[in-house]
Amino acid sequence: MANKSGNAYALTLLCPILPGAPPGTEPGIGAKSHVACLRYELQQQVRVSEESPMAKVLNTYLCRFYVLDDVPYQGKPAILEHLKSRYLVFSSNFHGELDDYLKGMWITIEPEIRFILDHCVGFSEVSDVASFIAYIKKCQVKTTFFFNGSNDDPLAEQLKALYLKQEFSKFVCENQGRNPADLQQAFRQFIKRAQPENTANPTWKAGAYHLDRVVSQ
Amino acid sequence: MDTVLDLDDIQGNVVKAYGRYGYPVARYLFFGIVAPEAGRDFVRSILPHITTSVPWPDLSKTPLAATNIAFTYQGLRHLEVPDVTLHGFPDEFSMGMKARRDIIGDTGPNHFHRWDPIWDNQEEKIQHVHIIVTMDGKNEDALETRYQLIRGILAGVNGRSKDGGVVQLTGHRGAGGDDPLYQSAHGLLPKPAELGYPGGKEHFGYSDGISTSYFQGCGEDPDLVIGGGKPVKGDPKTKEGWAPLEAGEFVFGHRDEAFEYPEAPGPPLFSRNGTFMVYRKLHQNVGSFNSYLEAEGAKFPGGMEALAAKFAGRWRNGAPLVTFDTEEKANQYITRLAALQVKVWANQATEVEKAEFAKLNLQLKAYDYDDDKDGAKCPFGAHIRRSNPRSGLRFGNVKAFADEPGALSNRRRILRRGLPYGHSEDPTRDDGDHGVIMMIINADLSRQFEFVQQQWFNFGNDFHLANDQDPLLGNHGINENCRGEGRMVIEGDAKTNKPPYFCSRMPTLVETRGGDYFFVPSLTCLRMIGLGNIDPT
């Protein structure tokens, strides 16, 4: 089935980028077209790190923004073709339902969304959650390929599971071979510290991309 | 139709592991070219002495010494191979091994700053080594005679050259701080108290060099396809379970496992029948190995020898864990095999003994991991299961890529050449100059050697082992207490309720001491280089 695989949702958007320049920008001082502004905002805002605004959006497994300039030419006998517009592409794999996800996205990072989508055709009509969801659905294209790096559990559970796996490996190496009483005591301490039922803390940070930076205690 | 190779055009070390043919000693010589014409003169002069891959059916008529030659990218530049041809080489070859350190794990204890001086260990960009000449001998006298022949050739070249000639490079770390003129290597025979398949030992006490890849047209014993070829549908204990790999995995100009010719520079005559060779000097931390094995072996159920076997996937005497699950069975097997081998080699075996020997010998290699899909016998992280997973990457799911059981490993195969070097005088110490000279032959450095090094030795994902590394060859780093951070899971056995065992804080046991990537030309190509008549158009 398109877009959904179990509890995982794959969203792809193609948002046409406005032609020309935003009103009020001065010509001649660097690149100021909508597409140039958009590239600038993407590079400033959506960094690959735990500081990416998308790391704050709950249940995002993996996402990516990029500008689709044109279709590539593949050489004769293919026909040279061009897109009518440039597009902002947003693809995201997340847990749960689309409306819930978009609502969370709007509530969490509305200013950052505006910085980016303000350069796209029709976004000026968006004023609240409902119109944002309607806008996104208008730009949505059917998606059938999913990110294969996670299952379809909520992100917080997946991050906690990875944290627990890492910490339990350390526990095993440190306590292997101890007598049952000591082992049980150490295990109780481990459980107390690692809090397997508590998905909020301690756990891995969303958006982290290096082992040294994942653990949040 | 199987590929037929021009074995008299392919250098001998591509097809033959000389150690198996009774050449237990070797010297590796390195040269820098100062004057291009002198370099070409050297190539022309040494050419009549280069050993080819022509089969040696009668072992009594083999030469006393074998000689082979290969070149770094900088070496080919100094020989004035045309730019258009040079640009046809893949990046990893032109960059050289030092520059590929982040990919192959030559960082931390393996960093080039710790290499032997001959590899320009202070400078990333400099590469003075242009030529390697390898000499394998039946004994030291034969080797010395061959060495003097090469020295004579060099003297002749330099006598004819007016502008610098060719320089024999030194800077090998010698045992006693000396500066030897070449890197020596020699087979290590088992000590009297040790059992072992008499293919030779390495410094940790393992029998080594048992397994080798087998490919179409190589002209070697067809029985070597068992365990050496690629796994196919059929019983892995018989020839029905194996097929020769395509020649293009190891030799340019022939079809490879993707049914393509491997990437190689033009003109076709230049690269055809040539290949790449990786030369790596690998120091062995014998003291660290022994102390870790002893300390951990005291705790490991089964003891020290069983733990050593779990690291490698073979008992130190060579018997594979998948087939021989106890030390007693492994010892019985190897004792019988070694006794029969002595008779066979001395031509004193009866027909019955010959048949028994052939059958037992097969057991060293005739297996896969379908009967061990939980890793209860041979751990997933064991060295031989990582370096040659056979059909094991389908994890016992025989329906997975049913027609190509080795679909995930057939393009990662390599040929292993080389011998141990030095002597470990004190089993409690790491220092000194002893280890293994590894020479790896493959047609694609990136897809074969570098992939195995990066993904299978220094990472664990393909084996469902997270970021664990190969216990023996992995770079386990050095932490603030001068210890490594290596880890290995030794799987338990659900059938007998045996729990898994976890090895942690493993020290780095093997460290890189130098090396580079070399192009091994065909005899035709050597003549082209020597004559300087390569026309890339």
# chains A, B, ... in the order shown; residues from 1 in each chain; ligands from 1

call {"tool": "interface_residues", "arguments": {"of": "chain A", "to": "chain B", "cutoff": "12 Å", "atoms": "only C-alpha atoms", "output": "list in words"}}
result
Leu162, Lys165, Gln166, Phe168, Ser169, Lys170, Phe171, Val172, Cys173, Glu174, Asn175, Gln176, Gly177, Arg178 and Leu211 of chain A

call {"tool": "write_last_selection", "arguments": {"atoms": "C-alpha atoms", "output": "mmCIF file, in the first residue's frame"}}
result
data_model
loop_
_atom_site.group_PDB
_atom_site.id
_atom_site.type_symbol
_atom_site.label_atom_id
_atom_site.label_comp_id
_atom_site.auth_asym_id
_atom_site.auth_seq_id
_atom_site.Cartn_x
_atom_site.Cartn_y
_atom_site.Cartn_z
ATOM 1 C CA LEU A 162 19.170 1.471 21.248
ATOM 2 C CA LYS A 165 21.181 -2.239 24.051
ATOM 3 C CA GLN A 166 24.311 -0.140 24.380
ATOM 4 C CA PHE A 168 23.173 -3.580 28.629
ATOM 5 C CA SER A 169 26.195 -4.629 26.528
ATOM 6 C CA LYS A 170 28.403 -2.662 28.906
ATOM 7 C CA PHE A 171 26.636 -4.197 31.906
ATOM 8 C CA VAL A 172 27.169 -7.714 30.573
ATOM 9 C CA CYS A 173 30.882 -7.157 29.947
ATOM 10 C CA GLU A 174 31.368 -5.633 33.390
ATOM 11 C CA ASN A 175 29.419 -8.253 35.338
ATOM 12 C CA GLN A 176 29.994 -11.507 33.481
ATOM 13 C CA GLY A 177 30.805 -14.420 35.775
ATOM 14 C CA ARG A 178 29.739 -12.790 39.081
ATOM 15 C CA LEU A 211 27.998 7.740 19.118
#

call {"tool": "closest_atom_pairs", "arguments": {"of": "segment 42-147 of chain A", "to": "segment 202-206 of chain A", "cutoff": "8 Å", "atoms": "only C-alpha atoms", "output": "CSV"}}
result
residue,atom,partner,partner_atom,distance
A:Glu50,CA,A:Ala206,CA,6.3
A:Ala55,CA,A:Ala206,CA,5.5
A:Lys56,CA,A:Ala206,CA,7.5

call {"tool": "residues_around", "arguments": {"residues": "Ala21 of chain A", "least_positions_apart": "4", "cutoff": "7 Å", "atoms": "only C-alpha atoms", "output": "list in words"}}
result
Lys32, Ser33 and His34 of chain A

call {"tool": "write_last_selection", "arguments": {"atoms": "C-alpha atoms", "output": "PDB file, in the first residue's frame"}}
result
ATOM      1  CA  LYS A  32      18.156  37.086  -3.850  1.00  0.00           C
ATOM      2  CA  SER A  33      15.718  35.018  -5.850  1.00  0.00           C
ATOM      3  CA  HIS A  34      13.217  32.864  -3.981  1.00  0.00           C
TER       4      HIS A  34
END

call {"tool": "residues_around", "arguments": {"residues": "Ser49 of chain A", "least_positions_apart": "2", "cutoff": "10 Å", "atoms": "only C-alpha atoms", "output": "compact mmCIF listing (two decimals) with N, CA, C and O atoms, in the first residue's frame"}}
result
# COMPACT_ATOMS: atom_id res chain seq x y z
N VAL A 46 18.32 23.73 8.55
CA VAL A 46 18.14 22.27 8.66
C VAL A 46 19.49 21.59 8.61
O VAL A 46 19.88 20.98 7.63
N ARG A 47 20.24 21.72 9.67
CA ARG A 47 21.57 21.10 9.73
C ARG A 47 21.43 19.63 10.08
O ARG A 47 20.45 19.23 10.72
N GLU A 51 20.66 19.62 16.51
CA GLU A 51 20.12 20.98 16.52
C GLU A 51 19.20 21.25 15.33
O GLU A 51 18.66 22.34 15.18
N SER A 52 19.03 20.29 14.47
CA SER A 52 18.11 20.48 13.36
C SER A 52 16.70 20.67 13.91
O SER A 52 16.29 19.95 14.83
N PRO A 53 15.95 21.62 13.38
CA PRO A 53 14.57 21.76 13.86
C PRO A 53 13.78 20.46 13.72
O PRO A 53 12.90 20.17 14.53
N MET A 54 14.12 19.66 12.71
CA MET A 54 13.37 18.42 12.51
C MET A 54 13.62 17.40 13.63
O MET A 54 12.83 16.48 13.81
N ALA A 55 14.75 17.55 14.36
CA ALA A 55 15.00 16.64 15.49
C ALA A 55 13.98 16.87 16.59
O ALA A 55 13.76 16.02 17.44
N ALA A 206 17.29 12.45 19.96
CA ALA A 206 16.87 12.41 18.54
C ALA A 206 17.77 13.33 17.74
O ALA A 206 18.16 14.40 18.22
N GLY A 207 18.13 12.90 16.55
CA GLY A 207 18.91 13.77 15.66
C GLY A 207 20.40 13.63 15.82
O GLY A 207 21.14 14.16 15.00
N ALA A 208 20.88 12.95 16.85
CA ALA A 208 22.32 12.82 17.01
C ALA A 208 22.87 11.90 15.94
O ALA A 208 22.20 10.97 15.50
N TYR A 209 24.08 12.17 15.51
CA TYR A 209 24.63 11.37 14.42
C TYR A 209 25.99 10.83 14.75
O TYR A 209 26.71 10.34 13.90
N HIS A 210 26.40 10.93 16.00
CA HIS A 210 27.69 10.37 16.39
C HIS A 210 27.54 9.69 17.74
O HIS A 210 26.85 10.22 18.62
N ARG A 213 27.67 11.46 21.01
CA ARG A 213 26.73 12.54 21.31
C ARG A 213 25.31 12.04 21.54
O ARG A 213 24.39 12.83 21.65

call {"tool": "atom_distance", "arguments": {"atom1": "atom CA of Gln122 of chain B", "atom2": "atom CA of Gly514 of chain B"}}
result
12.1 Å

call {"tool": "residues_around", "arguments": {"residues": "segment 94-98 of chain A", "least_positions_apart": "6", "cutoff": "7 Å", "atoms": "only C-alpha atoms", "output": "number ranges by chain"}}
result
A: 7-10, 59-61, 152-155

call {"tool": "write_last_selection", "arguments": {"atoms": "all heavy atoms", "output": "PDB file, in the first residue's frame"}}
result
ATOM      1  N   ASN A   7       3.011   0.759  10.941  1.00  0.00           N
ATOM      2  CA  ASN A   7       2.808   2.067  11.587  1.00  0.00           C
ATOM      3  C   ASN A   7       3.751   3.140  11.054  1.00  0.00           C
ATOM      4  O   ASN A   7       3.822   4.227  11.607  1.00  0.00           O
ATOM      5  CB  ASN A   7       3.017   1.936  13.096  1.00  0.00           C
ATOM      6  CG  ASN A   7       1.961   1.050  13.717  1.00  0.00           C
ATOM      7  OD1 ASN A   7       0.773   1.228  13.435  1.00  0.00           O
ATOM      8  ND2 ASN A   7       2.384   0.087  14.523  1.00  0.00           N
ATOM      9  N   ALA A   8       4.515   2.793  10.018  1.00  0.00           N
ATOM     10  CA  ALA A   8       5.428   3.783   9.442  1.00  0.00           C
ATOM     11  C   ALA A   8       4.750   4.481   8.274  1.00  0.00           C
ATOM     12  O   ALA A   8       4.043   3.853   7.486  1.00  0.00           O
ATOM     13  CB  ALA A   8       6.713   3.099   8.970  1.00  0.00           C
ATOM     14  N   TYR A   9       4.985   5.779   8.171  1.00  0.00           N
ATOM     15  CA  TYR A   9       4.392   6.566   7.095  1.00  0.00           C
ATOM     16  C   TYR A   9       5.521   7.204   6.295  1.00  0.00           C
ATOM     17  O   TYR A   9       6.468   7.743   6.850  1.00  0.00           O
ATOM     18  CB  TYR A   9       3.488   7.660   7.686  1.00  0.00           C
ATOM     19  CG  TYR A   9       2.551   8.288   6.674  1.00  0.00           C
ATOM     20  CD1 TYR A   9       1.198   7.940   6.623  1.00  0.00           C
ATOM     21  CD2 TYR A   9       3.018   9.222   5.750  1.00  0.00           C
ATOM     22  CE1 TYR A   9       0.339   8.505   5.692  1.00  0.00           C
ATOM     23  CE2 TYR A   9       2.169   9.793   4.805  1.00  0.00           C
ATOM     24  CZ  TYR A   9       0.835   9.429   4.776  1.00  0.00           C
ATOM     25  OH  TYR A   9      -0.011   9.982   3.849  1.00  0.00           O
ATOM     26  N   ALA A  10       5.416   7.126   4.972  1.00  0.00           N
ATOM     27  CA  ALA A  10       6.417   7.762   4.120  1.00  0.00           C
ATOM     28  C   ALA A  10       5.755   8.916   3.370  1.00  0.00           C
ATOM     29  O   ALA A  10       4.821   8.708   2.601  1.00  0.00           O
ATOM     30  CB  ALA A  10       6.993   6.756   3.134  1.00  0.00           C
ATOM     31  N   ASN A  59       8.759  11.699  16.502  1.00  0.00           N
ATOM     32  CA  ASN A  59       8.543  10.508  15.678  1.00  0.00           C
ATOM     33  C   ASN A  59       9.113  10.584  14.266  1.00  0.00           C
ATOM     34  O   ASN A  59       8.748   9.786  13.415  1.00  0.00           O
ATOM     35  CB  ASN A  59       7.057  10.141  15.614  1.00  0.00           C
ATOM     36  CG  ASN A  59       6.643   9.404  16.867  1.00  0.00           C
ATOM     37  OD1 ASN A  59       7.420   8.599  17.374  1.00  0.00           O
ATOM     38  ND2 ASN A  59       5.457   9.690  17.379  1.00  0.00           N
ATOM     39  N   THR A  60      10.024  11.535  14.015  1.00  0.00           N
ATOM     40  CA  THR A  60      10.682  11.566  12.708  1.00  0.00           C
ATOM     41  C   THR A  60      11.799  10.523  12.692  1.00  0.00           C
ATOM     42  O   THR A  60      12.758  10.621  13.439  1.00  0.00           O
ATOM     43  CB  THR A  60      11.286  12.962  12.438  1.00  0.00           C
ATOM     44  OG1 THR A  60      10.275  13.938  12.604  1.00  0.00           O
ATOM     45  CG2 THR A  60      11.872  13.026  11.038  1.00  0.00           C
ATOM     46  N   TYR A  61      11.678   9.523  11.827  1.00  0.00           N
ATOM     47  CA  TYR A  61      12.749   8.529  11.686  1.00  0.00           C
ATOM     48  C   TYR A  61      13.897   9.118  10.877  1.00  0.00           C
ATOM     49  O   TYR A  61      15.059   9.022  11.237  1.00  0.00           O
ATOM     50  CB  TYR A  61      12.256   7.285  10.950  1.00  0.00           C
ATOM     51  CG  TYR A  61      11.181   6.480  11.643  1.00  0.00           C
ATOM     52  CD1 TYR A  61      10.308   5.703  10.891  1.00  0.00           C
ATOM     53  CD2 TYR A  61      11.060   6.461  13.036  1.00  0.00           C
ATOM     54  CE1 TYR A  61       9.325   4.937  11.504  1.00  0.00           C
ATOM     55  CE2 TYR A  61      10.072   5.701  13.647  1.00  0.00           C
ATOM     56  CZ  TYR A  61       9.211   4.939  12.877  1.00  0.00           C
ATOM     57  OH  TYR A  61       8.250   4.189  13.469  1.00  0.00           O
ATOM     58  N   ASP A 152       8.726   0.058  12.811  1.00  0.00           N
ATOM     59  CA  ASP A 152       7.656   1.062  12.776  1.00  0.00           C
ATOM     60  C   ASP A 152       7.161   1.432  14.172  1.00  0.00           C
ATOM     61  O   ASP A 152       6.050   1.911  14.335  1.00  0.00           O
ATOM     62  CB  ASP A 152       6.509   0.591  11.866  1.00  0.00           C
ATOM     63  CG  ASP A 152       5.821  -0.655  12.408  1.00  0.00           C
ATOM     64  OD1 ASP A 152       6.373  -1.288  13.329  1.00  0.00           O
ATOM     65  OD2 ASP A 152       4.730  -0.981  11.913  1.00  0.00           O
ATOM     66  N   ASP A 153       8.024   1.230  15.193  1.00  0.00           N
ATOM     67  CA  ASP A 153       7.654   1.638  16.550  1.00  0.00           C
ATOM     68  C   ASP A 153       7.823   3.149  16.722  1.00  0.00           C
ATOM     69  O   ASP A 153       8.543   3.780  15.945  1.00  0.00           O
ATOM     70  CB  ASP A 153       8.550   0.923  17.578  1.00  0.00           C
ATOM     71  CG  ASP A 153       8.211  -0.550  17.690  1.00  0.00           C
ATOM     72  OD1 ASP A 153       7.051  -0.893  17.366  1.00  0.00           O
ATOM     73  OD2 ASP A 153       9.093  -1.337  18.088  1.00  0.00           O
ATOM     74  N   PRO A 154       7.179   3.708  17.751  1.00  0.00           N
ATOM     75  CA  PRO A 154       7.406   5.133  18.024  1.00  0.00           C
ATOM     76  C   PRO A 154       8.893   5.422  18.203  1.00  0.00           C
ATOM     77  O   PRO A 154       9.637   4.583  18.726  1.00  0.00           O
ATOM     78  CB  PRO A 154       6.649   5.369  19.340  1.00  0.00           C
ATOM     79  CG  PRO A 154       5.604   4.312  19.379  1.00  0.00           C
ATOM     80  CD  PRO A 154       6.206   3.119  18.691  1.00  0.00           C
ATOM     81  N   LEU A 155       9.315   6.609  17.765  1.00  0.00           N
ATOM     82  CA  LEU A 155      10.740   6.918  17.801  1.00  0.00           C
ATOM     83  C   LEU A 155      11.313   6.829  19.209  1.00  0.00           C
ATOM     84  O   LEU A 155      12.407   6.300  19.412  1.00  0.00           O
ATOM     85  CB  LEU A 155      10.975   8.324  17.234  1.00  0.00           C
ATOM     86  CG  LEU A 155      12.436   8.727  17.190  1.00  0.00           C
ATOM     87  CD1 LEU A 155      13.209   7.899  16.179  1.00  0.00           C
ATOM     88  CD2 LEU A 155      12.584  10.215  16.881  1.00  0.00           C
TER      89      LEU A 155
END

call {"tool": "residues_around", "arguments": {"residues": "segment 128-142 of chain A", "least_positions_apart": "6", "cutoff": "9 Å", "atoms": "only C-alpha atoms", "output": "PyMOL selection string"}}
result
chain A and resi 2-3+10-16+98-99+102-103+106-107+122

call {"tool": "write_last_selection", "arguments": {"atoms": "N, CA, C and O atoms", "output": "JSON list (two decimals), in the first residue's frame"}}
result
[["chain", "number", "residue", "atom", "x", "y", "z"],
["A", 2, "ALA", "N", 0.51, 2.21, -0.78],
["A", 2, "ALA", "CA", 1.32, 3.42, -0.86],
["A", 2, "ALA", "C", 1.28, 4.18, 0.45],
["A", 2, "ALA", "O", 0.30, 4.13, 1.19],
["A", 3, "ASN", "N", 2.33, 4.89, 0.75],
["A", 3, "ASN", "CA", 2.49, 5.80, 1.88],
["A", 3, "ASN", "C", 2.61, 5.13, 3.25],
["A", 3, "ASN", "O", 3.31, 5.64, 4.11],
["A", 10, "ALA", "N", 5.42, 7.13, 4.97],
["A", 10, "ALA", "CA", 6.42, 7.76, 4.12],
["A", 10, "ALA", "C", 5.76, 8.92, 3.37],
["A", 10, "ALA", "O", 4.82, 8.71, 2.60],
["A", 11, "LEU", "N", 6.23, 10.11, 3.66],
["A", 11, "LEU", "CA", 5.65, 11.32, 3.08],
["A", 11, "LEU", "C", 6.63, 11.93, 2.08],
["A", 11, "LEU", "O", 7.81, 12.09, 2.40],
["A", 12, "THR", "N", 6.14, 12.24, 0.89],
["A", 12, "THR", "CA", 6.95, 12.99, -0.06],
["A", 12, "THR", "C", 6.16, 14.18, -0.57],
["A", 12, "THR", "O", 4.99, 14.02, -0.96],
["A", 13, "LEU", "N", 6.79, 15.34, -0.54],
["A", 13, "LEU", "CA", 6.15, 16.56, -1.03],
["A", 13, "LEU", "C", 6.94, 17.12, -2.19],
["A", 13, "LEU", "O", 8.16, 17.08, -2.18],
["A", 14, "LEU", "N", 6.23, 17.68, -3.15],
["A", 14, "LEU", "CA", 6.86, 18.50, -4.18],
["A", 14, "LEU", "C", 6.18, 19.86, -4.12],
["A", 14, "LEU", "O", 5.04, 19.99, -4.58],
["A", 15, "CYS", "N", 6.84, 20.85, -3.55],
["A", 15, "CYS", "CA", 6.25, 22.18, -3.44],
["A", 15, "CYS", "C", 6.90, 23.09, -4.48],
["A", 15, "CYS", "O", 8.11, 23.34, -4.39],
["A", 16, "PRO", "N", 6.12, 23.61, -5.45],
["A", 16, "PRO", "CA", 6.74, 24.47, -6.46],
["A", 16, "PRO", "C", 7.31, 25.75, -5.82],
["A", 16, "PRO", "O", 6.66, 26.36, -4.96],
["A", 98, "LEU", "N", -0.57, 10.79, 9.36],
["A", 98, "LEU", "CA", -0.09, 12.01, 8.72],
["A", 98, "LEU", "C", -0.59, 13.28, 9.42],
["A", 98, "LEU", "O", 0.19, 14.18, 9.71],
["A", 99, "ASP", "N", -1.88, 13.33, 9.72],
["A", 99, "ASP", "CA", -2.43, 14.56, 10.31],
["A", 99, "ASP", "C", -1.77, 14.86, 11.66],
["A", 99, "ASP", "O", -1.42, 16.01, 11.96],
["A", 102, "LEU", "N", 1.83, 16.15, 11.07],
["A", 102, "LEU", "CA", 1.90, 17.51, 10.55],
["A", 102, "LEU", "C", 1.48, 18.53, 11.62],
["A", 102, "LEU", "O", 2.05, 19.61, 11.73],
["A", 103, "LYS", "N", 0.53, 18.13, 12.42],
["A", 103, "LYS", "CA", 0.09, 19.00, 13.52],
["A", 103, "LYS", "C", 1.27, 19.24, 14.47],
["A", 103, "LYS", "O", 1.57, 20.38, 14.86],
["A", 106, "TRP", "N", 3.82, 21.55, 12.92],
["A", 106, "TRP", "CA", 3.42, 22.97, 12.92],
["A", 106, "TRP", "C", 3.57, 23.58, 14.31],
["A", 106, "TRP", "O", 4.13, 24.66, 14.48],
["A", 107, "ILE", "N", 3.12, 22.83, 15.31],
["A", 107, "ILE", "CA", 3.17, 23.37, 16.68],
["A", 107, "ILE", "C", 4.61, 23.55, 17.13],
["A", 107, "ILE", "O", 4.96, 24.53, 17.77],
["A", 122, "GLY", "N", 1.73, 29.28, -3.19],
["A", 122, "GLY", "CA", 0.50, 28.98, -2.46],
["A", 122, "GLY", "C", 0.65, 28.96, -0.96],
["A", 122, "GLY", "O", -0.36, 28.88, -0.23]]

call {"tool": "select_by_dssp", "arguments": {"residues": "segment 62-144 of chain B", "states": "strand (DSSP E or B)", "output": "list in words"}}
result
Ala65, Ala66, Thr67, Asn68, Ile69, Ala70, Phe71, Ile131, Ile132, Val133, Thr134, Met135, Asp136 and Gly137 of chain B

call {"tool": "write_last_selection", "arguments": {"atoms": "N, CA and C atoms", "output": "PDB file, in the first residue's frame"}}
result
ATOM      1  N   ALA B  65      64.420 -20.758  -6.932  1.00  0.00           N
ATOM      2  CA  ALA B  65      63.857 -19.507  -6.399  1.00  0.00           C
ATOM      3  C   ALA B  65      62.903 -18.916  -7.431  1.00  0.00           C
ATOM      4  N   ALA B  66      61.918 -18.190  -6.930  1.00  0.00           N
ATOM      5  CA  ALA B  66      60.958 -17.507  -7.805  1.00  0.00           C
ATOM      6  C   ALA B  66      61.126 -16.002  -7.614  1.00  0.00           C
ATOM      7  N   THR B  67      60.868 -15.248  -8.687  1.00  0.00           N
ATOM      8  CA  THR B  67      61.004 -13.786  -8.605  1.00  0.00           C
ATOM      9  C   THR B  67      59.802 -13.130  -9.265  1.00  0.00           C
ATOM     10  N   ASN B  68      59.252 -12.124  -8.585  1.00  0.00           N
ATOM     11  CA  ASN B  68      58.151 -11.359  -9.170  1.00  0.00           C
ATOM     12  C   ASN B  68      58.332  -9.879  -8.896  1.00  0.00           C
ATOM     13  N   ILE B  69      57.645  -9.080  -9.691  1.00  0.00           N
ATOM     14  CA  ILE B  69      57.849  -7.629  -9.630  1.00  0.00           C
ATOM     15  C   ILE B  69      56.503  -6.915  -9.736  1.00  0.00           C
ATOM     16  N   ALA B  70      56.413  -5.764  -9.061  1.00  0.00           N
ATOM     17  CA  ALA B  70      55.183  -4.963  -9.132  1.00  0.00           C
ATOM     18  C   ALA B  70      55.537  -3.503  -8.848  1.00  0.00           C
ATOM     19  N   PHE B  71      54.609  -2.602  -9.185  1.00  0.00           N
ATOM     20  CA  PHE B  71      54.904  -1.168  -9.148  1.00  0.00           C
ATOM     21  C   PHE B  71      53.804  -0.389  -8.446  1.00  0.00           C
ATOM     22  N   ILE B 131      59.104   0.286  -6.740  1.00  0.00           N
ATOM     23  CA  ILE B 131      59.118  -1.096  -7.250  1.00  0.00           C
ATOM     24  C   ILE B 131      59.253  -2.052  -6.073  1.00  0.00           C
ATOM     25  N   ILE B 132      58.516  -3.141  -6.107  1.00  0.00           N
ATOM     26  CA  ILE B 132      58.780  -4.252  -5.187  1.00  0.00           C
ATOM     27  C   ILE B 132      59.219  -5.442  -6.017  1.00  0.00           C
ATOM     28  N   VAL B 133      60.286  -6.083  -5.565  1.00  0.00           N
ATOM     29  CA  VAL B 133      60.702  -7.357  -6.162  1.00  0.00           C
ATOM     30  C   VAL B 133      60.596  -8.396  -5.052  1.00  0.00           C
ATOM     31  N   THR B 134      59.780  -9.429  -5.281  1.00  0.00           N
ATOM     32  CA  THR B 134      59.647 -10.482  -4.270  1.00  0.00           C
ATOM     33  C   THR B 134      60.443 -11.704  -4.726  1.00  0.00           C
ATOM     34  N   MET B 135      61.158 -12.279  -3.771  1.00  0.00           N
ATOM     35  CA  MET B 135      61.929 -13.489  -4.086  1.00  0.00           C
ATOM     36  C   MET B 135      61.535 -14.575  -3.093  1.00  0.00           C
ATOM     37  N   ASP B 136      61.126 -15.707  -3.598  1.00  0.00           N
ATOM     38  CA  ASP B 136      60.766 -16.845  -2.743  1.00  0.00           C
ATOM     39  C   ASP B 136      61.742 -17.969  -3.041  1.00  0.00           C
ATOM     40  N   GLY B 137      62.313 -18.557  -1.986  1.00  0.00           N
ATOM     41  CA  GLY B 137      63.346 -19.564  -2.215  1.00  0.00           C
ATOM     42  C   GLY B 137      63.058 -20.890  -1.541  1.00  0.00           C
TER      43      GLY B 137
END

call {"tool": "residues_around", "arguments": {"residues": "Ala402 of chain B", "least_positions_apart": "6", "cutoff": "12 Å", "atoms": "only C-alpha atoms", "output": "list in words"}}
result
Pro231, Val232, Lys233, Gly234, Ser391, Arg394, Gly396 and Leu408 of chain B
